[in-house]
file model.cif (mmCIF, N, CA, C and O atoms)
data_entry
#
loop_
_atom_site.label_atom_id
_atom_site.label_comp_id
_atom_site.auth_asym_id
_atom_site.auth_seq_id
_atom_site.Cartn_x
_atom_site.Cartn_y
_atom_site.Cartn_z
N MET P 287 103.39 -42.37 -159.35
CA MET P 287 101.99 -41.98 -159.41
C MET P 287 101.64 -40.87 -158.41
O MET P 287 100.84 -40.00 -158.74
N PRO P 288 102.18 -40.86 -157.18
CA PRO P 288 101.84 -39.75 -156.27
C PRO P 288 102.29 -38.40 -156.82
O PRO P 288 101.62 -37.39 -156.59
N GLY P 289 103.39 -38.36 -157.56
CA GLY P 289 103.81 -37.10 -158.16
C GLY P 289 102.80 -36.58 -159.17
O GLY P 289 102.54 -35.38 -159.24
N PHE P 290 102.22 -37.49 -159.95
CA PHE P 290 101.20 -37.11 -160.92
C PHE P 290 99.98 -36.54 -160.22
O PHE P 290 99.43 -35.51 -160.62
N LEU P 291 99.54 -37.20 -159.15
CA LEU P 291 98.36 -36.73 -158.42
C LEU P 291 98.62 -35.38 -157.75
O LEU P 291 97.75 -34.51 -157.74
N GLU P 292 99.81 -35.21 -157.20
CA GLU P 292 100.14 -33.93 -156.59
C GLU P 292 100.18 -32.81 -157.64
O GLU P 292 99.73 -31.69 -157.38
N ARG P 293 100.72 -33.12 -158.82
CA ARG P 293 100.76 -32.12 -159.89
C ARG P 293 99.35 -31.75 -160.34
O ARG P 293 99.03 -30.58 -160.53
N LYS P 294 98.49 -32.75 -160.51
CA LYS P 294 97.12 -32.47 -160.93
C LYS P 294 96.38 -31.68 -159.85
O LYS P 294 95.61 -30.77 -160.16
N ALA P 295 96.59 -32.02 -158.60
CA ALA P 295 95.92 -31.29 -157.51
C ALA P 295 96.40 -29.85 -157.47
O ALA P 295 95.61 -28.93 -157.24
N SER P 296 97.67 -29.63 -157.71
CA SER P 296 98.16 -28.25 -157.70
C SER P 296 97.67 -27.47 -158.91
O SER P 296 97.45 -26.27 -158.84
N GLU P 297 97.44 -28.17 -160.05
CA GLU P 297 96.87 -27.50 -161.22
C GLU P 297 95.40 -27.13 -160.98
O GLU P 297 94.96 -26.05 -161.36
N TRP P 298 94.65 -28.04 -160.37
CA TRP P 298 93.22 -27.80 -160.20
C TRP P 298 92.93 -26.85 -159.05
O TRP P 298 92.10 -25.96 -159.15
N PHE P 299 93.60 -27.05 -157.93
CA PHE P 299 93.31 -26.28 -156.72
C PHE P 299 94.55 -25.55 -156.22
O PHE P 299 94.71 -25.36 -155.03
N GLY P 300 95.40 -25.13 -157.12
CA GLY P 300 96.70 -24.62 -156.73
C GLY P 300 96.66 -23.29 -156.01
O GLY P 300 97.29 -23.12 -154.98
N THR P 301 95.92 -22.34 -156.52
CA THR P 301 95.95 -21.01 -155.92
C THR P 301 95.06 -20.97 -154.69
O THR P 301 94.07 -21.70 -154.59
N PRO P 302 95.40 -20.14 -153.74
CA PRO P 302 94.56 -20.03 -152.54
C PRO P 302 93.14 -19.56 -152.86
O PRO P 302 92.20 -19.92 -152.16
N GLU P 303 92.99 -18.76 -153.92
CA GLU P 303 91.64 -18.31 -154.29
C GLU P 303 90.78 -19.49 -154.74
O GLU P 303 89.61 -19.57 -154.39
N LYS P 304 91.37 -20.39 -155.51
CA LYS P 304 90.61 -21.57 -155.95
C LYS P 304 90.26 -22.45 -154.77
O LYS P 304 89.15 -22.98 -154.68
N LYS P 305 91.19 -22.61 -153.84
CA LYS P 305 90.92 -23.43 -152.65
C LYS P 305 89.82 -22.79 -151.81
O LYS P 305 88.92 -23.48 -151.33
N ALA P 306 89.85 -21.47 -151.66
CA ALA P 306 88.84 -20.78 -150.87
C ALA P 306 87.48 -20.87 -151.55
O ALA P 306 86.46 -21.07 -150.89
N ARG P 307 87.45 -20.75 -152.87
CA ARG P 307 86.19 -20.84 -153.60
C ARG P 307 85.60 -22.24 -153.50
O ARG P 307 84.38 -22.40 -153.31
N LEU P 308 86.45 -23.25 -153.61
CA LEU P 308 85.98 -24.63 -153.48
C LEU P 308 85.43 -24.87 -152.07
O LEU P 308 84.36 -25.46 -151.91
N LEU P 309 86.14 -24.41 -151.07
CA LEU P 309 85.68 -24.58 -149.70
C LEU P 309 84.37 -23.84 -149.47
O LEU P 309 83.46 -24.35 -148.81
N GLN P 310 84.23 -22.66 -150.06
CA GLN P 310 82.99 -21.89 -149.92
C GLN P 310 81.82 -22.64 -150.55
O GLN P 310 80.74 -22.73 -149.95
N TRP P 311 82.01 -23.23 -151.73
CA TRP P 311 80.93 -23.99 -152.36
C TRP P 311 80.60 -25.24 -151.56
O TRP P 311 79.43 -25.62 -151.45
N LEU P 312 81.61 -25.89 -151.01
CA LEU P 312 81.35 -27.08 -150.19
C LEU P 312 80.54 -26.72 -148.95
O LEU P 312 79.65 -27.46 -148.53
N VAL P 313 80.84 -25.57 -148.35
CA VAL P 313 80.08 -25.11 -147.18
C VAL P 313 78.65 -24.79 -147.58
O VAL P 313 77.70 -25.15 -146.87
N TYR P 314 78.46 -24.12 -148.71
CA TYR P 314 77.10 -23.81 -149.17
C TYR P 314 76.29 -25.08 -149.39
O TYR P 314 75.14 -25.19 -148.96
N ILE P 315 76.88 -26.05 -150.06
CA ILE P 315 76.16 -27.30 -150.35
C ILE P 315 75.85 -28.05 -149.08
O ILE P 315 74.73 -28.57 -148.90
N SER P 316 76.81 -28.12 -148.15
CA SER P 316 76.54 -28.83 -146.91
C SER P 316 75.48 -28.11 -146.09
O SER P 316 74.65 -28.75 -145.44
N ASN P 317 75.46 -26.78 -146.12
CA ASN P 317 74.41 -26.05 -145.41
C ASN P 317 73.04 -26.33 -146.00
O ASN P 317 72.06 -26.46 -145.27
N LEU P 318 72.95 -26.43 -147.32
CA LEU P 318 71.68 -26.76 -147.95
C LEU P 318 71.20 -28.14 -147.53
O LEU P 318 70.01 -28.34 -147.27
N TYR P 319 72.13 -29.10 -147.47
CA TYR P 319 71.75 -30.44 -147.04
C TYR P 319 71.30 -30.44 -145.58
O TYR P 319 70.35 -31.15 -145.22
N VAL P 320 71.93 -29.66 -144.73
CA VAL P 320 71.54 -29.59 -143.32
C VAL P 320 70.15 -28.98 -143.20
O VAL P 320 69.29 -29.49 -142.46
N ILE P 321 69.89 -27.89 -143.92
CA ILE P 321 68.57 -27.25 -143.86
C ILE P 321 67.50 -28.20 -144.38
O ILE P 321 66.42 -28.34 -143.78
N LEU P 322 67.77 -28.88 -145.49
CA LEU P 322 66.82 -29.85 -146.02
C LEU P 322 66.58 -30.98 -145.02
O LEU P 322 65.44 -31.42 -144.82
N GLY P 323 67.63 -31.44 -144.37
CA GLY P 323 67.51 -32.50 -143.37
C GLY P 323 66.67 -32.06 -142.19
O GLY P 323 65.89 -32.86 -141.65
N VAL P 324 66.79 -30.81 -141.77
CA VAL P 324 65.99 -30.30 -140.66
C VAL P 324 64.52 -30.29 -141.05
O VAL P 324 63.65 -30.70 -140.26
N PHE P 325 64.21 -29.83 -142.27
CA PHE P 325 62.82 -29.82 -142.71
C PHE P 325 62.25 -31.24 -142.82
O PHE P 325 61.10 -31.48 -142.44
N VAL P 326 63.05 -32.17 -143.32
CA VAL P 326 62.59 -33.55 -143.41
C VAL P 326 62.37 -34.13 -142.02
O VAL P 326 61.37 -34.82 -141.77
N LEU P 327 63.25 -33.83 -141.09
CA LEU P 327 63.10 -34.32 -139.73
C LEU P 327 61.85 -33.75 -139.07
O LEU P 327 61.11 -34.49 -138.40
N ILE P 328 61.59 -32.48 -139.27
CA ILE P 328 60.38 -31.87 -138.72
C ILE P 328 59.15 -32.53 -139.32
O ILE P 328 58.18 -32.82 -138.60
N TYR P 329 59.18 -32.78 -140.63
CA TYR P 329 58.02 -33.41 -141.27
C TYR P 329 57.83 -34.84 -140.78
O TYR P 329 56.70 -35.28 -140.57
N VAL P 330 58.92 -35.56 -140.58
CA VAL P 330 58.80 -36.95 -140.11
C VAL P 330 58.26 -36.97 -138.68
O VAL P 330 57.39 -37.78 -138.34
N LEU P 331 58.75 -36.07 -137.84
CA LEU P 331 58.34 -36.08 -136.44
C LEU P 331 56.94 -35.50 -136.24
O LEU P 331 56.17 -36.00 -135.42
N TYR P 332 56.62 -34.43 -136.96
CA TYR P 332 55.38 -33.71 -136.71
C TYR P 332 54.49 -33.63 -137.95
O TYR P 332 53.65 -32.74 -138.04
N GLY P 333 54.62 -34.55 -138.88
CA GLY P 333 53.86 -34.48 -140.12
C GLY P 333 52.37 -34.57 -139.90
O GLY P 333 51.60 -33.82 -140.50
N ASP P 334 51.94 -35.48 -139.02
CA ASP P 334 50.50 -35.63 -138.77
C ASP P 334 49.93 -34.37 -138.12
O ASP P 334 48.86 -33.90 -138.49
N HIS P 335 50.67 -33.80 -137.19
CA HIS P 335 50.20 -32.58 -136.52
C HIS P 335 50.14 -31.42 -137.50
O HIS P 335 49.21 -30.60 -137.44
N LEU P 336 51.12 -31.34 -138.39
CA LEU P 336 51.11 -30.25 -139.36
C LEU P 336 49.95 -30.37 -140.34
O LEU P 336 49.33 -29.35 -140.69
N THR P 337 49.64 -31.60 -140.78
CA THR P 337 48.51 -31.75 -141.69
C THR P 337 47.19 -31.45 -140.99
O THR P 337 46.29 -30.85 -141.58
N GLU P 338 47.07 -31.85 -139.73
CA GLU P 338 45.87 -31.52 -138.98
C GLU P 338 45.74 -30.02 -138.78
O GLU P 338 44.63 -29.46 -138.91
N LEU P 339 46.83 -29.36 -138.49
CA LEU P 339 46.80 -27.91 -138.32
C LEU P 339 46.44 -27.23 -139.63
O LEU P 339 45.64 -26.29 -139.65
N TRP P 340 46.99 -27.71 -140.74
CA TRP P 340 46.69 -27.12 -142.05
C TRP P 340 45.21 -27.29 -142.39
O TRP P 340 44.56 -26.37 -142.87
N ASN P 341 44.67 -28.47 -142.12
CA ASN P 341 43.26 -28.72 -142.39
C ASN P 341 42.37 -27.88 -141.49
O ASN P 341 41.30 -27.43 -141.91
N ALA P 342 42.79 -27.66 -140.26
CA ALA P 342 42.00 -26.83 -139.35
C ALA P 342 42.03 -25.37 -139.77
O ALA P 342 41.04 -24.66 -139.63
N LEU P 343 43.15 -24.92 -140.32
CA LEU P 343 43.24 -23.53 -140.73
C LEU P 343 42.51 -23.27 -142.04
O LEU P 343 42.08 -22.16 -142.29
N ARG P 344 42.39 -24.27 -142.88
CA ARG P 344 41.68 -24.10 -144.14
C ARG P 344 40.23 -24.17 -143.87
O ARG P 344 39.34 -23.63 -144.12
#
call {"tool": "encode", "arguments": {"input": "model.cif", "output": "structure tokens"}}
result
Amino acid sequence: MPGFLERKASEWFGTPEKKARLLQWLVYISNLYVILGVFVLIYVLYGDHLTELWNALR
């Protein structure tokens, strides 16, 4: 069974270009999750202040 998995992995991600492209997409997706997490954290920590500021500016 390990031979089968190694063969399939080399078929799917065999060339260095495919490996680099996969790594690039994984980095993009993880960066999006980090940015989204930062915005959620800011909203959780300062949500009340932000809504008060928004209401004061309107």
call {"tool": "atom_distance", "arguments": {"input": "model.cif", "atom1": "atom O of Val324 (chain P)", "atom2": "CA of Leu336 (chain P)"}}
result
12.6 Å
call {"tool": "atom_distance", "arguments": {"input": "model.cif", "atom1": "atom C of Ser296 (chain P)", "atom2": "atom O of Leu312 (chain P)"}}
result
20.8 Å
call {"tool": "atom_distance", "arguments": {"input": "model.cif", "atom1": "CA of Gly323 (chain P)", "atom2": "CA of Trp311 (chain P)"}}
result
18.3 Å
